[in-house]
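Enquirer: Input structure: structure14.pdb, which contains PDB, C-alpha atoms.
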```
ATOM      1  CA  MET A   1     108.388  84.762 140.383
ATOM      2  CA  ALA A   2     110.112  84.816 137.029
ATOM      3  CA  HIS A   3     108.443  83.114 134.061
ATOM      4  CA  ARG A   4     110.620  82.063 131.160
ATOM      5  CA  TYR A   5     110.365  79.940 128.053
ATOM      6  CA  SER A   6     112.934  78.010 126.089
ATOM      7  CA  SER A   7     114.297  79.370 122.836
ATOM      8  CA  ASN A   8     116.904  78.377 120.272
ATOM      9  CA  SER A   9     119.863  80.595 119.520
ATOM     10  CA  GLY A  10     119.900  82.877 116.488
ATOM     11  CA  LEU A  11     121.734  85.715 114.831
ATOM     12  CA  LEU A  12     120.780  89.381 114.725
ATOM     13  CA  PRO A  13     121.412  91.002 111.360
ATOM     14  CA  SER A  14     123.301  94.264 111.564
ATOM     15  CA  ARG A  15     121.175  97.326 110.978
ATOM     16  CA  PRO A  16     122.008 101.005 110.461
ATOM     17  CA  VAL A  17     122.325 102.899 113.714
ATOM     18  CA  TYR A  18     120.582 106.044 112.472
ATOM     19  CA  SER A  19     117.738 106.686 110.083
ATOM     20  CA  GLY A  20     116.131 109.822 108.789
ATOM     21  CA  ASN A  21     112.754 108.734 110.134
ATOM     22  CA  ASP A  22     114.115 108.585 113.677
ATOM     23  CA  ILE A  23     116.343 111.631 113.837
ATOM     24  CA  SER A  24     114.600 114.724 112.594
ATOM     25  CA  ASN A  25     117.451 117.136 113.310
ATOM     26  CA  ARG A  26     120.935 115.801 112.536
ATOM     27  CA  SER A  27     122.836 118.561 114.303
ATOM     28  CA  SER A  28     120.648 118.109 117.366
ATOM     29  CA  SER A  29     121.301 114.369 117.238
ATOM     30  CA  ILE A  30     125.072 114.889 117.226
ATOM     31  CA  SER A  31     124.964 117.034 120.344
ATOM     32  CA  ILE A  32     122.754 114.463 122.069
ATOM     33  CA  VAL A  33     125.180 111.666 121.169
ATOM     34  CA  ASP A  34     127.969 113.720 122.745
ATOM     35  CA  GLN A  35     125.914 113.884 125.935
ATOM     36  CA  ILE A  36     124.810 110.243 125.954
ATOM     37  CA  GLU A  37     128.137 108.522 125.216
ATOM     38  CA  PRO A  38     129.923 109.522 128.466
ATOM     39  CA  ILE A  39     126.832 108.550 130.470
ATOM     40  CA  LEU A  40     126.766 105.083 128.910
ATOM     41  CA  ASP A  41     130.518 104.770 129.419
ATOM     42  CA  GLU A  42     130.079 105.487 133.133
ATOM     43  CA  ILE A  43     127.256 102.941 133.307
ATOM     44  CA  LYS A  44     129.438 100.308 131.619
ATOM     45  CA  ASN A  45     132.378 100.959 133.953
ATOM     46  CA  SER A  46     130.149 100.677 137.005
ATOM     47  CA  TYR A  47     128.550  97.463 135.784
ATOM     48  CA  VAL A  48     131.826  95.655 135.100
ATOM     49  CA  SER A  49     132.885  96.371 138.668
ATOM     50  CA  ILE A  50     132.944  93.362 141.012
ATOM     51  CA  ASN A  51     131.006  95.477 143.503
ATOM     52  CA  VAL A  52     127.374  94.326 143.487
ATOM     53  CA  GLY A  53     126.189  97.709 144.701
ATOM     54  CA  GLU A  54     127.851  99.488 141.790
ATOM     55  CA  GLN A  55     126.359  97.002 139.337
ATOM     56  CA  GLN A  56     122.868  97.649 140.691
ATOM     57  CA  SER A  57     123.503 101.392 140.544
ATOM     58  CA  ALA A  58     124.439 101.023 136.868
ATOM     59  CA  VAL A  59     121.172  99.200 136.159
ATOM     60  CA  GLU A  60     119.132 101.811 138.007
ATOM     61  CA  ARG A  61     120.894 104.665 136.228
ATOM     62  CA  LEU A  62     120.187 103.199 132.799
ATOM     63  CA  HIS A  63     116.575 102.591 133.837
ATOM     64  CA  SER A  64     116.379 106.239 134.851
ATOM     65  CA  GLU A  65     117.941 107.427 131.577
ATOM     66  CA  LEU A  66     115.323 105.478 129.620
ATOM     67  CA  THR A  67     112.319 106.565 131.660
ATOM     68  CA  THR A  68     113.129 110.202 132.352
ATOM     69  CA  SER A  69     114.073 111.320 128.830
ATOM     70  CA  SER A  70     110.774 113.192 128.664
ATOM     71  CA  SER A  71     111.475 115.336 131.729
ATOM     72  CA  LEU A  72     115.152 116.272 131.342
ATOM     73  CA  SER A  73     116.055 119.932 131.444
ATOM     74  CA  GLY A  74     116.570 121.321 127.965
ATOM     75  CA  TYR A  75     114.215 118.833 126.293
ATOM     76  CA  HIS A  76     110.893 120.571 126.779
ATOM     77  CA  ASN A  77     109.926 120.142 123.124
ATOM     78  CA  VAL A  78     108.413 116.691 122.597
ATOM     79  CA  ASN A  79     110.296 116.226 119.312
ATOM     80  CA  ASN A  80     113.621 116.858 121.046
ATOM     81  CA  ARG A  81     112.694 114.405 123.796
ATOM     82  CA  HIS A  82     111.858 111.842 121.140
ATOM     83  CA  VAL A  83     115.234 112.402 119.468
ATOM     84  CA  ARG A  84     117.018 111.834 122.779
ATOM     85  CA  LEU A  85     115.243 108.564 123.590
ATOM     86  CA  SER A  86     115.611 107.352 120.010
ATOM     87  CA  THR A  87     119.322 108.176 120.052
ATOM     88  CA  LEU A  88     119.778 106.477 123.427
ATOM     89  CA  LEU A  89     118.207 103.270 122.089
ATOM     90  CA  ASP A  90     120.364 103.493 118.943
ATOM     91  CA  LYS A  91     123.518 103.740 121.054
ATOM     92  CA  LEU A  92     122.453 100.816 123.223
ATOM     93  CA  LEU A  93     121.869  98.723 120.101
ATOM     94  CA  GLN A  94     125.300  99.650 118.809
ATOM     95  CA  LEU A  95     127.019  98.938 122.130
ATOM     96  CA  SER A  96     125.206  95.622 122.587
ATOM     97  CA  HIS A  97     127.115  94.300 119.566
ATOM     98  CA  ASN A  98     130.520  95.467 120.823
ATOM     99  CA  HIS A  99     130.357  95.327 124.617
ATOM    100  CA  PRO A 100     129.036  92.142 126.296
ATOM    101  CA  SER A 101     128.469  94.102 129.493
ATOM    102  CA  PHE A 102     125.556  95.946 127.877
ATOM    103  CA  ILE A 103     123.972  92.636 126.920
ATOM    104  CA  SER A 104     124.140  91.615 130.579
ATOM    105  CA  ILE A 105     122.691  94.950 131.694
ATOM    106  CA  ILE A 106     119.695  94.661 129.344
ATOM    107  CA  ARG A 107     119.104  91.096 130.581
ATOM    108  CA  HIS A 108     118.752  92.409 134.123
ATOM    109  CA  PRO A 109     115.103  91.769 135.147
ATOM    110  CA  GLN A 110     114.492  95.448 135.918
ATOM    111  CA  LEU A 111     115.410  96.570 132.394
ATOM    112  CA  THR A 112     113.973  93.545 130.591
ATOM    113  CA  HIS A 113     110.654  94.097 132.343
ATOM    114  CA  LEU A 114     110.612  97.790 131.381
ATOM    115  CA  LEU A 115     111.345  97.149 127.697
ATOM    116  CA  ALA A 116     108.888  94.242 127.548
ATOM    117  CA  LYS A 117     106.154  96.538 128.905
ATOM    118  CA  TRP A 118     107.011  99.083 126.226
ATOM    119  CA  LEU A 119     106.486  96.354 123.614
ATOM    120  CA  LYS A 120     102.852  96.391 124.759
ATOM    121  CA  SER A 121     102.766 100.216 124.766
ATOM    122  CA  GLU A 122     102.581 100.136 128.560
ATOM    123  CA  ALA A 123     104.292 102.571 130.952
ATOM    124  CA  LEU A 124     105.792 104.627 128.129
ATOM    125  CA  PRO A 125     107.428 107.929 129.117
ATOM    126  CA  HIS A 126     105.092 110.914 129.126
ATOM    127  CA  GLY A 127     104.534 112.188 125.598
ATOM    128  CA  TYR A 128     105.192 108.871 123.855
ATOM    129  CA  THR A 129     101.621 107.723 123.429
ATOM    130  CA  ASN A 130     101.591 109.407 120.022
ATOM    131  CA  GLN A 131     101.403 106.658 117.406
ATOM    132  CA  GLN A 132     104.141 108.194 115.247
ATOM    133  CA  PHE A 133     106.583 108.241 118.153
ATOM    134  CA  LYS A 134     105.682 104.709 119.199
ATOM    135  CA  LYS A 135     106.347 103.429 115.672
ATOM    136  CA  ALA A 136     109.904 104.756 115.896
ATOM    137  CA  ILE A 137     110.664 103.785 119.501
ATOM    138  CA  ILE A 138     109.048 100.396 120.134
ATOM    139  CA  PRO A 139     110.697  98.415 117.278
ATOM    140  CA  LYS A 140     114.063  99.511 118.671
ATOM    141  CA  CYS A 141     113.080  98.081 122.052
ATOM    142  CA  ALA A 142     112.287  94.756 120.371
ATOM    143  CA  ARG A 143     115.632  94.755 118.556
ATOM    144  CA  LEU A 144     117.467  95.565 121.778
ATOM    145  CA  LEU A 145     115.808  92.716 123.647
ATOM    146  CA  TYR A 146     116.600  90.310 120.825
ATOM    147  CA  ALA A 147     120.231  91.439 120.816
ATOM    148  CA  ALA A 148     120.415  90.728 124.543
ATOM    149  CA  TYR A 149     118.631  87.369 124.515
ATOM    150  CA  GLN A 150     119.448  85.816 121.150
ATOM    151  CA  GLY A 151     122.130  83.592 122.661
ATOM    152  CA  GLU A 152     120.051  82.555 125.676
ATOM    153  CA  HIS A 153     118.215  79.203 125.833
ATOM    154  CA  THR A 154     115.415  80.565 128.023
ATOM    155  CA  TRP A 155     113.560  83.799 127.431
ATOM    156  CA  PRO A 156     111.056  85.695 129.631
ATOM    157  CA  ILE A 157     107.430  84.660 128.996
ATOM    158  CA  GLU A 158     106.768  88.414 128.837
ATOM    159  CA  PHE A 159     108.059  88.305 125.262
ATOM    160  CA  VAL A 160     105.264  85.908 124.302
ATOM    161  CA  THR A 161     102.549  88.019 125.925
ATOM    162  CA  ALA A 162     103.966  91.174 124.328
ATOM    163  CA  TYR A 163     104.001  89.463 120.920
ATOM    164  CA  CYS A 164     100.377  88.363 121.253
ATOM    165  CA  TRP A 165      99.316  91.817 122.412
ATOM    166  CA  ASP A 166     101.070  93.698 119.604
ATOM    167  CA  LEU A 167      99.875  91.209 117.005
ATOM    168  CA  THR A 168      96.289  91.748 118.162
ATOM    169  CA  TYR A 169      96.327  95.513 118.645
ATOM    170  CA  ASP A 170      99.042  97.957 117.525
ATOM    171  CA  GLY A 171     101.187  95.823 115.218
ATOM    172  CA  LEU A 172     104.115  98.176 115.839
ATOM    173  CA  TRP A 173     106.893  95.584 115.888
ATOM    174  CA  THR A 174     105.512  92.114 115.174
ATOM    175  CA  HIS A 175     105.335  92.966 111.449
ATOM    176  CA  HIS A 176     108.304  95.358 111.415
ATOM    177  CA  ILE A 177     111.069  94.307 109.029
ATOM    178  CA  ASP A 178     113.802  95.061 111.596
ATOM    179  CA  CYS A 179     112.115  92.799 114.154
ATOM    180  CA  VAL A 180     111.663  89.719 111.946
ATOM    181  CA  PRO A 181     114.259  87.560 113.784
ATOM    182  CA  PHE A 182     112.723  88.366 117.172
ATOM    183  CA  ALA A 183     109.150  87.737 116.012
ATOM    184  CA  ARG A 184     110.154  84.529 114.193
ATOM    185  CA  ARG A 185     111.726  83.064 117.313
ATOM    186  CA  ILE A 186     108.638  83.820 119.383
ATOM    187  CA  ARG A 187     106.348  82.281 116.754
ATOM    188  CA  ALA A 188     108.512  79.143 116.824
ATOM    189  CA  VAL A 189     107.913  78.841 120.558
ATOM    190  CA  LEU A 190     104.166  79.338 120.120
ATOM    191  CA  CYS A 191     104.156  76.501 117.581
ATOM    192  CA  ASP A 192     105.721  74.190 120.145
ATOM    193  CA  ILE A 193     103.883  74.691 123.416
ATOM    194  CA  GLY A 194     106.046  71.993 124.970
ATOM    195  CA  THR A 195     108.991  74.387 125.100
ATOM    196  CA  LEU A 196     107.264  76.682 127.576
ATOM    197  CA  THR A 197     108.772  76.546 131.051
ATOM    198  CA  THR A 198     108.270  78.350 134.340
ATOM    199  CA  HIS A 199     111.238  79.134 136.580
ATOM    200  CA  TYR A 200     110.693  80.077 140.201
TER     201      TYR A 200
END
```
Mind converting the file's structure to structure tokens?
Expert:
Amino acid sequence: MAHRYSSNSGLLPSRPVYSGNDISNRSSSISIVDQIEPILDEIKNSYVSINVGEQQSAVERLHSELTTSSSLSGYHNVNNRHVRLSTLLDKLLQLSHNHPSFISIIRHPQLTHLLAKWLKSEALPHGYTNQQFKKAIIPKCARLLYAAYQGEHTWPIEFVTAYCWDLTYDGLWTHHIDCVPFARRIRAVLCDIGTLTTHY
């Protein structure tokens, strides 16, 4: 059962892809980008295929890339693992503006559900419960979801529950300057309870 709510369209302001707070070692970041870009290119090529099996494989591979960053060989140091996940999210944000296929991939229920859970600090990869890491990672998840759904008329109800949770507890993205458009749209829905819908 998929729960969704109506939303008006909006625009996502462009933001810098990298920031000093997110990438602690620039040279390390460059090497990670070199590793991530061909992986994302393969995922994109598989997803644009007319073969449904290849499309699902692309979704599952991206899901795996997001959730297994903490256990990849060569990233035993938690800071390096953080850099990899942060860089992966940065690249996805960048690609979501230039390649519509990545917007479609993020809107896949499997990936939307994962990122929405992360907005509530749930099911984060091992080693990401540290508050400093969450402050850098979770706002990017919110921005990525907004980039994927900003043109959609119905959004998952999970966004509302995640907003309420973060507003009550961590406050990691609901007050974050980069997430203002996303948070504003959700608040607009909460002000008009009549726009809530359930799709089966």
Enquirer: For atom CA of Ala148 of chain A and atom CA of Ala136 of chain A, determine how far apart the two atoms are, in Å to one decimal place.
Expert: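 Taking atom CA of Ala148 of chain A and atom CA of Ala136 of chain A, their separation equals 19.5 Å.
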Enquirer: List the neighbours of Gln55 of chain A out to 10 Å using all atoms listed in the file; skip same-chain residues closer than 3 positions along the sequence, and give me the result as a PyMOL selection string.
Expert: chain A and resi 43-52+58-61+105
Enquirer: Restrict the selected residues to C-alpha atoms and save them as a compact mmCIF listing (two decimals), in the coordinates of the input.
Expert:
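Contents of the output file out.txt:
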```txt
# COMPACT_ATOMS: atom_id res chain seq x y z
CA ILE A 43 127.26 102.94 133.31
CA LYS A 44 129.44 100.31 131.62
CA ASN A 45 132.38 100.96 133.95
CA SER A 46 130.15 100.68 137.00
CA TYR A 47 128.55 97.46 135.78
CA VAL A 48 131.83 95.66 135.10
CA SER A 49 132.88 96.37 138.67
CA ILE A 50 132.94 93.36 141.01
CA ASN A 51 131.01 95.48 143.50
CA VAL A 52 127.37 94.33 143.49
CA ALA A 58 124.44 101.02 136.87
CA VAL A 59 121.17 99.20 136.16
CA GLU A 60 119.13 101.81 138.01
CA ARG A 61 120.89 104.66 136.23
CA ILE A 105 122.69 94.95 131.69
```
Enquirer: Report, in Å to a single decimal, how far apart atom CA of Leu40 of chain A and atom CA of Leu85 of chain A are.
Expert: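 Interatomic distance here is 13.2 Å.
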Enquirer: Just how far from atom CA of Glu37 of chain A is atom CA of Leu115 of chain A, in Å to one decimal?
Expert: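 So the answer is 20.4 Å.
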Enquirer: Given the choices A:Ala183, A:Leu124, A:Val83, A:Ala147, which gets closest to His99 of chain A if the distance is worked out from all atoms listed in the file?
Expert: A:Ala147
Enquirer: Using only C-alpha atoms, find all polymer residues with an atom at most 9 Å away from the point (121.9, 90.4, 125.6); report them as a list of chain:residue names.
Expert: A:Ser96, A:His97, A:Pro100, A:Ser101, A:Phe102, A:Ile103, A:Ser104, A:Ile105, A:Ile106, A:Arg107, A:Leu144, A:Leu145, A:Tyr146, A:Ala147, A:Ala148, A:Tyr149, A:Gln150, A:Gly151, A:Glu152
Enquirer: Around the point (111.9, 98.1, 132.1) in the file's coordinates, collect all residues with an atom within 10 Å, using all atoms listed in the file, and return them as JSON, numbers by chain.
Expert: {"A": [62, 63, 64, 66, 67, 106, 108, 109, 110, 111, 112, 113, 114, 115, 116, 117, 118, 123, 124]}
Enquirer: Let me have the centre and edge lengths of the axis-aligned box enclosing all listed atoms of segment 115-118 of chain A with 4 Å padding on every side, in Å to one decimal, as AutoDock Vina command-line options.
Expert:
```
--center_x 108.7 --center_y 96.7 --center_z 127.6 --size_x 13.2 --size_y 12.8 --size_z 10.7
```
Enquirer: Can you tell me, as a PyMOL selection string, what residues are no more than 12 Å from Thr129 of chain A when counting all atoms listed in the file, ignoring any on the same chain fewer than 2 positions away?
Expert: chain A and resi 70+78+82+118+120-127+131-138+170
Enquirer: N, CA, C and O atoms for segment 53-67 of chain A, written as a PDB file, in the frame of the given file, could you do that?
Expert:
```pdb
ATOM      1  N   GLY A  53     126.908  96.445 144.547  1.00  0.00           N
ATOM      2  CA  GLY A  53     126.189  97.709 144.701  1.00  0.00           C
ATOM      3  C   GLY A  53     126.374  98.619 143.506  1.00  0.00           C
ATOM      4  O   GLY A  53     125.424  99.269 143.054  1.00  0.00           O
ATOM      5  N   GLU A  54     127.592  98.664 142.973  1.00  0.00           N
ATOM      6  CA  GLU A  54     127.851  99.488 141.790  1.00  0.00           C
ATOM      7  C   GLU A  54     127.141  98.933 140.571  1.00  0.00           C
ATOM      8  O   GLU A  54     126.655  99.688 139.722  1.00  0.00           O
ATOM      9  N   GLN A  55     127.067  97.615 140.458  1.00  0.00           N
ATOM     10  CA  GLN A  55     126.359  97.002 139.337  1.00  0.00           C
ATOM     11  C   GLN A  55     124.880  97.364 139.376  1.00  0.00           C
ATOM     12  O   GLN A  55     124.288  97.720 138.348  1.00  0.00           O
ATOM     13  N   GLN A  56     124.281  97.301 140.570  1.00  0.00           N
ATOM     14  CA  GLN A  56     122.868  97.649 140.691  1.00  0.00           C
ATOM     15  C   GLN A  56     122.652  99.132 140.405  1.00  0.00           C
ATOM     16  O   GLN A  56     121.655  99.517 139.785  1.00  0.00           O
ATOM     17  N   SER A  57     123.601  99.961 140.829  1.00  0.00           N
ATOM     18  CA  SER A  57     123.503 101.392 140.544  1.00  0.00           C
ATOM     19  C   SER A  57     123.543 101.659 139.042  1.00  0.00           C
ATOM     20  O   SER A  57     122.845 102.541 138.538  1.00  0.00           O
ATOM     21  N   ALA A  58     124.355 100.874 138.322  1.00  0.00           N
ATOM     22  CA  ALA A  58     124.439 101.023 136.868  1.00  0.00           C
ATOM     23  C   ALA A  58     123.106 100.681 136.221  1.00  0.00           C
ATOM     24  O   ALA A  58     122.645 101.381 135.310  1.00  0.00           O
ATOM     25  N   VAL A  59     122.474  99.604 136.686  1.00  0.00           N
ATOM     26  CA  VAL A  59     121.172  99.200 136.159  1.00  0.00           C
ATOM     27  C   VAL A  59     120.136 100.290 136.421  1.00  0.00           C
ATOM     28  O   VAL A  59     119.361 100.674 135.535  1.00  0.00           O
ATOM     29  N   GLU A  60     120.118 100.793 137.640  1.00  0.00           N
ATOM     30  CA  GLU A  60     119.132 101.811 138.007  1.00  0.00           C
ATOM     31  C   GLU A  60     119.366 103.121 137.245  1.00  0.00           C
ATOM     32  O   GLU A  60     118.409 103.815 136.878  1.00  0.00           O
ATOM     33  N   ARG A  61     120.626 103.435 136.979  1.00  0.00           N
ATOM     34  CA  ARG A  61     120.894 104.665 136.228  1.00  0.00           C
ATOM     35  C   ARG A  61     120.428 104.543 134.783  1.00  0.00           C
ATOM     36  O   ARG A  61     119.851 105.486 134.235  1.00  0.00           O
ATOM     37  N   LEU A  62     120.663 103.381 134.170  1.00  0.00           N
ATOM     38  CA  LEU A  62     120.187 103.199 132.799  1.00  0.00           C
ATOM     39  C   LEU A  62     118.665 103.198 132.758  1.00  0.00           C
ATOM     40  O   LEU A  62     118.055 103.777 131.846  1.00  0.00           O
ATOM     41  N   HIS A  63     118.042 102.577 133.743  1.00  0.00           N
ATOM     42  CA  HIS A  63     116.575 102.591 133.837  1.00  0.00           C
ATOM     43  C   HIS A  63     116.079 104.028 133.916  1.00  0.00           C
ATOM     44  O   HIS A  63     115.113 104.419 133.245  1.00  0.00           O
ATOM     45  N   SER A  64     116.756 104.838 134.712  1.00  0.00           N
ATOM     46  CA  SER A  64     116.379 106.239 134.851  1.00  0.00           C
ATOM     47  C   SER A  64     116.578 107.007 133.555  1.00  0.00           C
ATOM     48  O   SER A  64     115.727 107.821 133.168  1.00  0.00           O
ATOM     49  N   GLU A  65     117.684 106.753 132.852  1.00  0.00           N
ATOM     50  CA  GLU A  65     117.941 107.427 131.577  1.00  0.00           C
ATOM     51  C   GLU A  65     116.837 107.115 130.565  1.00  0.00           C
ATOM     52  O   GLU A  65     116.416 107.972 129.798  1.00  0.00           O
ATOM     53  N   LEU A  66     116.366 105.878 130.565  1.00  0.00           N
ATOM     54  CA  LEU A  66     115.323 105.478 129.620  1.00  0.00           C
ATOM     55  C   LEU A  66     113.968 106.082 129.979  1.00  0.00           C
ATOM     56  O   LEU A  66     113.204 106.474 129.088  1.00  0.00           O
ATOM     57  N   THR A  67     113.668 106.160 131.251  1.00  0.00           N
ATOM     58  CA  THR A  67     112.319 106.565 131.660  1.00  0.00           C
ATOM     59  C   THR A  67     112.159 108.050 131.901  1.00  0.00           C
ATOM     60  O   THR A  67     111.025 108.540 131.934  1.00  0.00           O
TER      61      THR A  67
END
```
